[in-house]
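Below is the file work_28.tsv, which contains TSV, C-alpha atoms.
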```tsv
chain	number	residue	atom	x	y	z
Y	1	MET	CA	-19.26	18.27	-5.69
Y	2	ILE	CA	-17.81	16.20	-8.54
Y	3	ASN	CA	-14.20	16.89	-7.50
Y	4	LEU	CA	-14.89	16.69	-3.77
Y	5	GLY	CA	-13.48	13.18	-3.24
Y	6	GLY	CA	-10.10	13.95	-4.79
Y	7	PHE	CA	-9.99	17.40	-3.18
Y	8	LEU	CA	-10.53	15.96	0.32
Y	9	LEU	CA	-7.95	13.20	-0.15
Y	10	ILE	CA	-5.39	15.76	-1.31
Y	11	LEU	CA	-6.08	17.90	1.76
Y	12	PHE	CA	-5.89	14.89	4.07
Y	13	ALA	CA	-2.81	13.43	2.36
Y	14	PRO	CA	-0.64	13.31	5.54
Y	15	LEU	CA	-3.38	11.40	7.40
Y	16	PHE	CA	-4.50	9.26	4.46
Y	17	SER	CA	-0.92	8.14	3.79
Y	18	LEU	CA	-0.74	6.59	7.26
Y	19	SER	CA	-3.75	4.30	6.82
Y	20	VAL	CA	-3.11	1.25	4.65
Y	21	ALA	CA	-6.69	0.05	5.18
Y	22	ALA	CA	-8.11	3.31	3.83
Y	23	GLN	CA	-5.76	3.22	0.85
Y	24	THR	CA	-6.75	-0.39	0.10
Y	25	LEU	CA	-10.47	0.41	0.25
Y	26	VAL	CA	-10.09	3.42	-2.02
Y	27	ILE	CA	-7.90	1.73	-4.62
Y	28	VAL	CA	-10.17	-1.32	-4.89
Y	29	VAL	CA	-13.51	0.51	-5.04
Y	30	ALA	CA	-12.25	3.45	-7.11
Y	31	GLY	CA	-10.27	1.13	-9.40
Y	32	LEU	CA	-13.31	-1.00	-10.21
Y	33	SER	CA	-15.42	2.14	-10.66
Y	34	MET	CA	-12.83	3.54	-13.06
Y	35	LEU	CA	-12.75	0.31	-15.09
Y	36	ILE	CA	-16.51	-0.15	-15.30
Y	37	ALA	CA	-17.27	3.50	-16.08
Y	38	GLY	CA	-14.53	3.68	-18.70
Y	39	LEU	CA	-15.78	0.53	-20.44
Y	40	VAL	CA	-19.46	1.46	-20.31
Y	41	MET	CA	-18.63	4.89	-21.75
Y	42	MET	CA	-17.44	3.22	-24.98
Y	43	THR	CA	-20.93	1.94	-25.77
Y	44	ARG	CA	-22.87	5.18	-25.22
Y	45	ILE	CA	-24.27	6.94	-28.29
Y	46	SER	CA	-25.60	10.05	-26.51
Y	47	ILE	CA	-22.81	12.60	-26.11
Y	48	LYS	CA	-24.26	13.84	-22.82
Y	49	VAL	CA	-24.42	10.32	-21.36
Y	50	ARG	CA	-20.94	9.55	-22.66
Y	51	LEU	CA	-19.56	12.64	-20.94
Y	52	ALA	CA	-21.31	11.67	-17.71
Y	53	TRP	CA	-19.72	8.21	-17.72
Y	54	SER	CA	-16.39	9.81	-18.66
Y	55	THR	CA	-16.62	12.10	-15.63
Y	56	THR	CA	-17.31	9.10	-13.39
Y	57	ALA	CA	-14.24	7.31	-14.73
Y	58	GLN	CA	-12.05	10.42	-14.38
Y	59	MET	CA	-13.08	11.04	-10.79
Y	60	ALA	CA	-12.43	7.41	-9.90
Y	61	LEU	CA	-9.01	7.65	-11.54
Y	62	MET	CA	-8.28	10.71	-9.43
Y	63	LEU	CA	-8.97	8.70	-6.27
Y	64	VAL	CA	-6.74	5.89	-7.56
Y	65	GLU	CA	-3.91	8.39	-8.02
Y	66	CYS	CA	-4.33	9.51	-4.41
Y	67	ALA	CA	-4.27	5.90	-3.20
Y	68	LEU	CA	-0.97	5.42	-5.08
Y	69	GLY	CA	0.46	8.49	-3.34
Y	70	LEU	CA	0.45	10.62	-6.51
Y	71	TYR	CA	-1.28	13.62	-4.97
Y	72	GLU	CA	0.44	16.09	-7.28
Y	73	LEU	CA	-0.79	14.07	-10.27
Y	74	ALA	CA	-4.32	14.06	-8.83
Y	75	LEU	CA	-4.18	17.85	-8.59
Y	76	VAL	CA	-2.98	18.11	-12.20
Y	77	HIS	CA	-5.79	15.75	-13.17
Y	78	MET	CA	-8.37	17.86	-11.34
Y	79	LEU	CA	-7.34	21.07	-13.10
Y	80	ALA	CA	-6.89	19.47	-16.52
Y	81	HIS	CA	-10.22	17.65	-16.29
Y	82	SER	CA	-12.03	20.91	-15.56
Y	83	CYS	CA	-10.64	22.52	-18.71
Y	84	TYR	CA	-11.12	19.41	-20.84
Y	85	LYS	CA	-14.68	18.76	-19.71
Y	86	ALA	CA	-15.71	22.37	-20.28
Y	87	PHE	CA	-14.30	22.18	-23.80
Y	88	ALA	CA	-15.99	18.79	-24.36
Y	89	PHE	CA	-19.41	20.16	-23.45
Y	90	LEU	CA	-18.96	23.27	-25.59
Y	91	SER	CA	-17.85	21.20	-28.60
Y	92	ALA	CA	-20.45	18.44	-28.19
Y	93	GLY	CA	-22.01	19.32	-31.55
Y	94	ASP	CA	-18.71	18.83	-33.35
Y	95	ASP	CA	-18.30	15.49	-31.56
Y	96	VAL	CA	-21.61	14.31	-32.99
Y	97	ALA	CA	-20.50	15.26	-36.51
Y	98	ASP	CA	-17.12	13.55	-36.01
Y	99	TYR	CA	-18.86	10.41	-34.76
Y	100	LEU	CA	-21.14	10.29	-37.80
Y	101	ARG	CA	-18.17	10.73	-40.13
Y	102	ALA	CA	-16.29	7.97	-38.32
Y	103	GLN	CA	-19.28	5.65	-38.72
Y	104	ARG	CA	-19.23	6.13	-42.49
Y	105	ARG	CA	-15.56	5.30	-42.94
Y	106	GLU	CA	-13.92	1.96	-42.34
Y	107	GLN	CA	-11.85	1.56	-39.21
Y	108	VAL	CA	-8.24	0.73	-40.10
Y	109	ALA	CA	-6.54	-1.38	-37.46
Y	110	PRO	CA	-2.84	-0.63	-36.90
Y	111	GLU	CA	-0.63	-3.46	-38.09
Y	112	LEU	CA	2.35	-4.94	-36.27
Y	113	PRO	CA	4.96	-2.64	-37.91
Y	114	ALA	CA	2.98	0.40	-36.75
Y	115	TRP	CA	2.96	-0.88	-33.15
Y	116	LEU	CA	6.69	-1.63	-33.29
Y	117	VAL	CA	7.50	1.85	-34.56
Y	118	ALA	CA	5.30	3.38	-31.86
Y	119	ALA	CA	7.04	1.31	-29.18
Y	120	CYS	CA	10.50	2.30	-30.45
Y	121	ILE	CA	9.54	5.99	-30.27
Y	122	ILE	CA	7.63	6.06	-27.00
Y	123	VAL	CA	9.20	3.49	-24.67
Y	124	PRO	CA	12.71	5.05	-24.59
Y	125	GLY	CA	11.30	8.56	-24.22
Y	126	VAL	CA	8.98	7.64	-21.35
Y	127	ALA	CA	11.69	5.56	-19.66
Y	128	VAL	CA	14.15	8.47	-19.75
Y	129	SER	CA	11.45	10.84	-18.50
Y	130	ALA	CA	10.63	8.51	-15.62
Y	131	LEU	CA	14.26	8.24	-14.58
Y	132	LEU	CA	14.83	11.99	-14.84
Y	133	ASN	CA	11.67	12.66	-12.85
Y	134	GLY	CA	13.33	11.67	-9.60
Y	135	SER	CA	15.47	9.13	-7.83
Y	136	THR	CA	12.90	6.41	-8.51
Y	137	ALA	CA	10.37	5.70	-11.25
Y	138	PHE	CA	7.88	4.05	-8.89
Y	139	PRO	CA	4.97	3.60	-9.03
Y	140	LEU	CA	5.13	2.19	-12.55
Y	141	ALA	CA	1.39	2.44	-13.32
Y	142	PRO	CA	1.28	6.10	-14.49
Y	143	TRP	CA	4.31	5.69	-16.74
Y	144	LEU	CA	2.91	2.54	-18.32
Y	145	VAL	CA	-0.43	4.26	-18.86
Y	146	VAL	CA	1.27	7.23	-20.54
Y	147	SER	CA	3.30	4.84	-22.71
Y	148	ALA	CA	0.21	2.87	-23.77
Y	149	ALA	CA	-1.79	6.01	-24.58
Y	150	LEU	CA	0.98	7.55	-26.69
Y	151	MET	CA	1.69	4.25	-28.46
Y	152	ILE	CA	-1.98	3.94	-29.44
Y	153	LEU	CA	-1.91	7.54	-30.66
Y	154	ILE	CA	1.12	6.99	-32.91
Y	155	ALA	CA	-0.13	3.61	-34.19
Y	156	GLN	CA	-3.48	5.15	-35.13
Y	157	PHE	CA	-1.75	8.05	-36.91
Y	158	VAL	CA	0.28	5.57	-38.95
Y	159	ALA	CA	-2.74	3.35	-39.71
Y	160	VAL	CA	-4.88	6.24	-40.94
Y	161	GLY	CA	-2.35	8.56	-42.57
Y	162	GLY	CA	0.48	6.26	-43.53
Y	163	TRP	CA	4.15	6.36	-42.61
Y	164	GLN	CA	4.42	10.07	-43.44
Y	165	GLN	CA	2.45	10.73	-40.24
Y	166	ILE	CA	5.17	9.30	-37.98
Y	167	LEU	CA	6.97	12.62	-37.51
Y	168	ARG	CA	3.75	14.47	-36.77
Y	169	ALA	CA	2.64	11.82	-34.27
Y	170	ALA	CA	6.08	11.76	-32.61
Y	171	CYS	CA	6.11	15.56	-32.20
Y	172	LEU	CA	2.60	15.53	-30.76
Y	173	SER	CA	3.53	12.74	-28.34
Y	174	LEU	CA	6.66	14.61	-27.26
Y	175	LEU	CA	4.62	17.76	-26.66
Y	176	LEU	CA	2.09	15.87	-24.53
Y	177	LEU	CA	4.87	14.20	-22.53
Y	178	VAL	CA	6.65	17.49	-21.87
Y	179	CYS	CA	3.39	19.14	-20.76
Y	180	TYR	CA	2.72	16.22	-18.43
Y	181	LEU	CA	6.18	16.46	-16.85
Y	182	LEU	CA	6.03	20.24	-16.45
Y	183	LEU	CA	2.58	20.19	-14.85
Y	184	LYS	CA	3.50	17.30	-12.56
Y	185	GLY	CA	6.73	19.01	-11.51
Y	186	THR	CA	4.90	22.29	-10.84
Y	187	MET	CA	2.29	20.62	-8.63
Y	188	THR	CA	4.99	18.72	-6.75
Y	189	SER	CA	6.30	22.05	-5.46
Y	190	VAL	CA	2.77	23.06	-4.40
Y	191	ILE	CA	1.90	19.93	-2.39
Y	192	PRO	CA	4.10	19.25	0.67
Y	193	ALA	CA	5.78	15.90	1.29
Y	194	HIS	CA	3.36	13.30	2.66
Y	195	GLY	CA	5.53	10.23	3.32
Y	196	HIS	CA	3.39	7.84	1.27
Y	197	VAL	CA	4.85	4.31	1.15
Y	198	TYR	CA	5.07	2.60	-2.25
Y	199	SER	CA	3.02	-0.59	-2.59
Y	200	ALA	CA	3.88	-3.05	-5.36
Y	201	LEU	CA	0.50	-4.75	-4.91
Y	202	PHE	CA	-1.37	-1.48	-5.51
Y	203	ASP	CA	0.82	-0.79	-8.52
Y	204	PHE	CA	0.11	-4.22	-10.02
Y	205	TRP	CA	-3.64	-3.82	-9.39
Y	206	VAL	CA	-3.81	-0.52	-11.27
Y	207	ILE	CA	-1.68	-1.84	-14.15
Y	208	SER	CA	-3.99	-4.84	-14.48
Y	209	LEU	CA	-7.08	-2.63	-14.59
Y	210	PHE	CA	-5.62	-0.45	-17.32
Y	211	ALA	CA	-4.49	-3.50	-19.29
Y	212	VAL	CA	-8.05	-4.82	-19.31
Y	213	GLN	CA	-9.39	-1.44	-20.39
Y	214	VAL	CA	-6.90	-1.11	-23.26
Y	215	LEU	CA	-7.56	-4.65	-24.52
Y	216	VAL	CA	-11.33	-4.15	-24.48
Y	217	TYR	CA	-10.95	-0.80	-26.24
Y	218	LEU	CA	-8.84	-2.33	-29.03
Y	219	GLN	CA	-11.28	-5.21	-29.38
Y	220	LEU	CA	-14.36	-2.98	-29.69
Y	221	GLN	CA	-12.59	-0.41	-31.84
Y	222	TYR	CA	-11.06	-2.65	-34.49
Y	223	ARG	CA	-13.13	-5.86	-34.33
Y	224	PRO	CA	-16.67	-4.62	-33.72
Y	225	ALA	CA	-18.30	-7.34	-35.83
Y	226	SER	CA	-16.73	-10.30	-34.00
Y	227	LEU	CA	-18.72	-12.46	-31.58
Y	228	PRO	CA	-16.66	-11.47	-28.48
Y	229	SER	CA	-17.17	-7.78	-29.33
Y	230	HIS	CA	-20.89	-8.35	-29.78
Y	231	ARG	CA	-21.21	-10.01	-26.38
Y	232	LEU	CA	-19.02	-7.39	-24.73
Y	233	PHE	CA	-21.07	-4.58	-26.25
Y	234	ILE	CA	-24.32	-6.04	-24.92
Y	235	ALA	CA	-22.93	-6.43	-21.40
Y	236	LEU	CA	-21.31	-2.98	-21.40
Y	237	ASN	CA	-24.36	-1.30	-22.89
Y	238	ALA	CA	-26.36	-2.74	-19.99
Y	239	GLY	CA	-23.78	-1.50	-17.51
Y	240	PHE	CA	-23.02	-5.11	-16.55
Y	241	TYR	CA	-26.61	-5.14	-15.23
Y	242	LEU	CA	-25.37	-3.54	-12.02
Y	243	ASP	CA	-28.54	-1.49	-11.65
Y	244	GLU	CA	-30.73	-4.59	-11.83
Y	245	TRP	CA	-28.52	-6.55	-9.42
Y	246	MET	CA	-28.43	-3.71	-6.91
Y	247	THR	CA	-32.22	-3.34	-7.13
Y	248	ARG	CA	-32.71	-7.05	-6.43
Y	249	LEU	CA	-30.21	-6.97	-3.59
Y	250	THR	CA	-31.85	-3.91	-2.06
Y	251	LEU	CA	-35.33	-5.44	-2.26
Y	252	LYS	CA	-34.03	-8.67	-0.76
Y	253	TRP	CA	-32.54	-6.89	2.24
Y	254	TRP	CA	-35.27	-4.27	2.52
Y	255	PRO	CA	-38.50	-5.64	1.00
Y	256	ILE	CA	-41.28	-3.22	0.17
Y	257	SER	CA	-44.86	-3.93	1.20
Y	258	LEU	CA	-47.50	-2.51	-1.14
Y	259	PRO	CA	-51.25	-2.46	-0.44
Y	260	ARG	CA	-53.38	-4.38	-2.91
Y	261	ASP	CA	-56.39	-2.69	-4.46
Y	262	ASN	CA	-59.43	-4.13	-2.64
Y	263	LYS	CA	-61.73	-3.32	-5.53
Y	264	ALA	CA	-59.61	-5.33	-7.95
Y	265	ASN	CA	-59.40	-8.31	-5.58
Y	266	PRO	CA	-62.28	-8.46	-3.06
Y	267	ALA	CA	-60.81	-11.58	-1.43
Y	268	VAL	CA	-58.14	-9.47	0.21
Y	269	GLN	CA	-59.33	-8.06	3.50
Y	270	PRO	CA	-58.60	-4.46	4.52
Y	271	GLY	CA	-55.22	-4.16	6.15
Y	272	GLU	CA	-53.67	-7.13	4.38
Y	273	MET	CA	-50.39	-6.41	2.58
Y	274	LEU	CA	-48.83	-7.97	-0.46
Y	275	HIS	CA	-45.07	-8.42	-0.40
Y	276	GLU	CA	-43.58	-7.68	-3.79
```
Could you quickly redo this structure as structure tokens?
Amino acid sequence: MINLGGFLLILFAPLFSLSVAAQTLVIVVAGLSMLIAGLVMMTRISIKVRLAWSTTAQMALMLVECALGLYELALVHMLAHSCYKAFAFLSAGDDVADYLRAQRREQVAPELPAWLVAACIIVPGVAVSALLNGSTAFPLAPWLVVSAALMILIAQFVAVGGWQQILRAACLSLLLLVCYLLLKGTMTSVIPAHGHVYSALFDFWVISLFAVQVLVYLQLQYRPASLPSHRLFIALNAGFYLDEWMTRLTLKWWPISLPRDNKANPAVQPGEMLHE
């Protein structure tokens, strides 16, 4: 049931690729769902709740990939997420211990030299991989997301372990990139051609969503005591109050009539209703 949305869009790829209206609806709704779920997940203390929000964000991202025409990437995502989430649930106890250890040690923010080194290592590698992947590197969103994720990984390695960790981080990043390319290339041969048309507007929308998510992550991760982080944490911890707003909207459109207890208020005659 969790993977049903992505599974159906992959099956209906030839039909879905012909409808711009359907693609627009999916990329807007799924994109916002991905952003909100990914941000709210950062504030959850319970491992089980964090994994639930993570699953929501991952499934929304899978739909976004389909809307971009990356059906082979959505299939890779579906299979990889199944393995990752099973491992995450089985190792939830270790995650709790890691979280407690992380709370006791000071977070070291990567400095500018660390980011520059990470960019010099990752950007050329990802650019070459994108060009070798086919005749075109479009859409740009997945390649920029991969670049940002690997740059954060290398910068964090350098910030925590020093410059001696650069080689280890670079090898790990190269391994992840090669695995990504191999899996994507394998699934491309499995899924037939669908004739999906590239949309620069869709590409820009997804890049903007990921940029917001990365900036908020860096803010909460390395400046948790600042006033903007405090306000962000409150709003994210409340889920942007979406539950409360949806409840109010639902009751406004579909008010509920509840009978008042006649014994508590004798002035109310039988049959009268109180609108809450």
Which residues of segment 15-38 of chain Y sit at most 10 Å from segment 227-249 of chain Y, using only C-alpha atoms? Give each one's shortest atom pair and distance in Å (one decimal place), in chain and ascending residue order, as a Markdown table.
```
| residue | atom | partner | partner_atom | distance |
| --- | --- | --- | --- | --- |
| Y:Ile36 | CA | Y:Gly239 | CA | 7.7 |
| Y:Ala37 | CA | Y:Gly239 | CA | 8.3 |
| Y:Gly38 | CA | Y:Leu236 | CA | 9.9 |
```
Taking only residues of segment 65-134 of chain Y that have an atom at most 10 Å from an atom of segment 149-152 of chain Y, what is each one's shortest atom pair and its distance in Å to one decimal, using all atoms listed in the file, in chain and number order, as a tab-separated table?
```
residue	atom	partner	partner_atom	distance
Y:Pro110	CA	Y:Ile152	CA	8.8
Y:Ala114	CA	Y:Met151	CA	9.2
Y:Trp115	CA	Y:Met151	CA	7.1
Y:Leu116	CA	Y:Met151	CA	9.1
Y:Val117	CA	Y:Met151	CA	8.8
Y:Ala118	CA	Y:Met151	CA	5.0
Y:Ala119	CA	Y:Met151	CA	6.1
Y:Cys120	CA	Y:Met151	CA	9.2
Y:Ile121	CA	Y:Met151	CA	8.2
Y:Ile122	CA	Y:Met151	CA	6.4
Y:Val123	CA	Y:Met151	CA	8.4
Y:Val126	CA	Y:Leu150	CA	9.6
```
Residues from the last selection, C-alpha atoms, saved as a PDB file, in the frame of the given file:
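Below is the file that was written, out07.pdb:
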```pdb
ATOM      1  CA  PRO Y 110      -2.840  -0.630 -36.900  1.00  0.00           C
ATOM      2  CA  ALA Y 114       2.980   0.400 -36.750  1.00  0.00           C
ATOM      3  CA  TRP Y 115       2.960  -0.880 -33.150  1.00  0.00           C
ATOM      4  CA  LEU Y 116       6.690  -1.630 -33.290  1.00  0.00           C
ATOM      5  CA  VAL Y 117       7.500   1.850 -34.560  1.00  0.00           C
ATOM      6  CA  ALA Y 118       5.300   3.380 -31.860  1.00  0.00           C
ATOM      7  CA  ALA Y 119       7.040   1.310 -29.180  1.00  0.00           C
ATOM      8  CA  CYS Y 120      10.500   2.300 -30.450  1.00  0.00           C
ATOM      9  CA  ILE Y 121       9.540   5.990 -30.270  1.00  0.00           C
ATOM     10  CA  ILE Y 122       7.630   6.060 -27.000  1.00  0.00           C
ATOM     11  CA  VAL Y 123       9.200   3.490 -24.670  1.00  0.00           C
ATOM     12  CA  VAL Y 126       8.980   7.640 -21.350  1.00  0.00           C
TER      13      VAL Y 126
END
```
Original post:
Counting all atoms listed in the file, which of Y:Phe89, Y:Tyr222, Y:Trp253, Y:Tyr217 gets nearest to Lys48 of chain Y?
Top reply: Y:Phe89
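Pairwise distance (atom CA of Phe157 of chain Y, atom CA of Leu112 of chain Y) equals 13.6 Å.
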Subject >> d(atom CA of Ser129 of chain Y, atom CA of Ser82 of chain Y) in Å >> reply: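 Here the two named atoms are 25.7 Å from each other.
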Near-Leu174 of chain Y list (12 Å; all atoms listed in the file; drop same-chain fewer than 2 positions) as a PDB file with C-alpha atoms, in the frame of the given file:
```
ATOM      1  CA  ILE Y 121       9.540   5.990 -30.270  1.00  0.00           C
ATOM      2  CA  ILE Y 122       7.630   6.060 -27.000  1.00  0.00           C
ATOM      3  CA  VAL Y 123       9.200   3.490 -24.670  1.00  0.00           C
ATOM      4  CA  PRO Y 124      12.710   5.050 -24.590  1.00  0.00           C
ATOM      5  CA  GLY Y 125      11.300   8.560 -24.220  1.00  0.00           C
ATOM      6  CA  VAL Y 126       8.980   7.640 -21.350  1.00  0.00           C
ATOM      7  CA  SER Y 129      11.450  10.840 -18.500  1.00  0.00           C
ATOM      8  CA  VAL Y 146       1.270   7.230 -20.540  1.00  0.00           C
ATOM      9  CA  SER Y 147       3.300   4.840 -22.710  1.00  0.00           C
ATOM     10  CA  LEU Y 150       0.980   7.550 -26.690  1.00  0.00           C
ATOM     11  CA  MET Y 151       1.690   4.250 -28.460  1.00  0.00           C
ATOM     12  CA  LEU Y 153      -1.910   7.540 -30.660  1.00  0.00           C
ATOM     13  CA  ILE Y 154       1.120   6.990 -32.910  1.00  0.00           C
ATOM     14  CA  LEU Y 167       6.970  12.620 -37.510  1.00  0.00           C
ATOM     15  CA  ARG Y 168       3.750  14.470 -36.770  1.00  0.00           C
ATOM     16  CA  ALA Y 169       2.640  11.820 -34.270  1.00  0.00           C
ATOM     17  CA  ALA Y 170       6.080  11.760 -32.610  1.00  0.00           C
ATOM     18  CA  CYS Y 171       6.110  15.560 -32.200  1.00  0.00           C
ATOM     19  CA  LEU Y 172       2.600  15.530 -30.760  1.00  0.00           C
ATOM     20  CA  LEU Y 176       2.090  15.870 -24.530  1.00  0.00           C
ATOM     21  CA  LEU Y 177       4.870  14.200 -22.530  1.00  0.00           C
ATOM     22  CA  VAL Y 178       6.650  17.490 -21.870  1.00  0.00           C
ATOM     23  CA  CYS Y 179       3.390  19.140 -20.760  1.00  0.00           C
ATOM     24  CA  TYR Y 180       2.720  16.220 -18.430  1.00  0.00           C
ATOM     25  CA  LEU Y 181       6.180  16.460 -16.850  1.00  0.00           C
TER      26      LEU Y 181
END
```
Subject >> Distance query Gln213 of chain Y at most 10 Å, all atoms listed in the file, self and fewer than 6 positions along chain excluded, as a list in words >> reply: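 Contacts, in chain order: Met34, Leu35, Ile36, Gly38, Leu39, Ile207 and Gln219 of chain Y.
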Original post:
Out of Y:Cys83, Y:Ala155, Y:Val20, Y:Ile166, which residue has the shortest atom-to-atom distance to Gly69 of chain Y when counting only C-alpha atoms?
Top reply: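 Looking at the shortest contact to Gly69 of chain Y, the residue is Y:Val20.
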Original post:
Quick one: of Y:Glu72, Y:Ala80, Y:Ile2, Y:Gln221, who's nearest to Ser189 of chain Y, counting only C-alpha atoms?
Top reply: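 Of Y:Glu72, Y:Ala80, Y:Ile2, Y:Gln221, the one nearest Ser189 of chain Y is Y:Glu72, counting only C-alpha atoms.
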**OP:** Grab the atom CA of Ala225 of chain Y to atom CA of Ser208 of chain Y distance for me, in Å with one decimal place.
**Re:**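 It comes out at 25.8 Å.
In terms of minimum interatomic distance to Asn133 of chain Y, Y:Leu183 ranks closest within Y:Leu68, Y:Leu183, Y:Leu90, Y:Met78, counting only C-alpha atoms.
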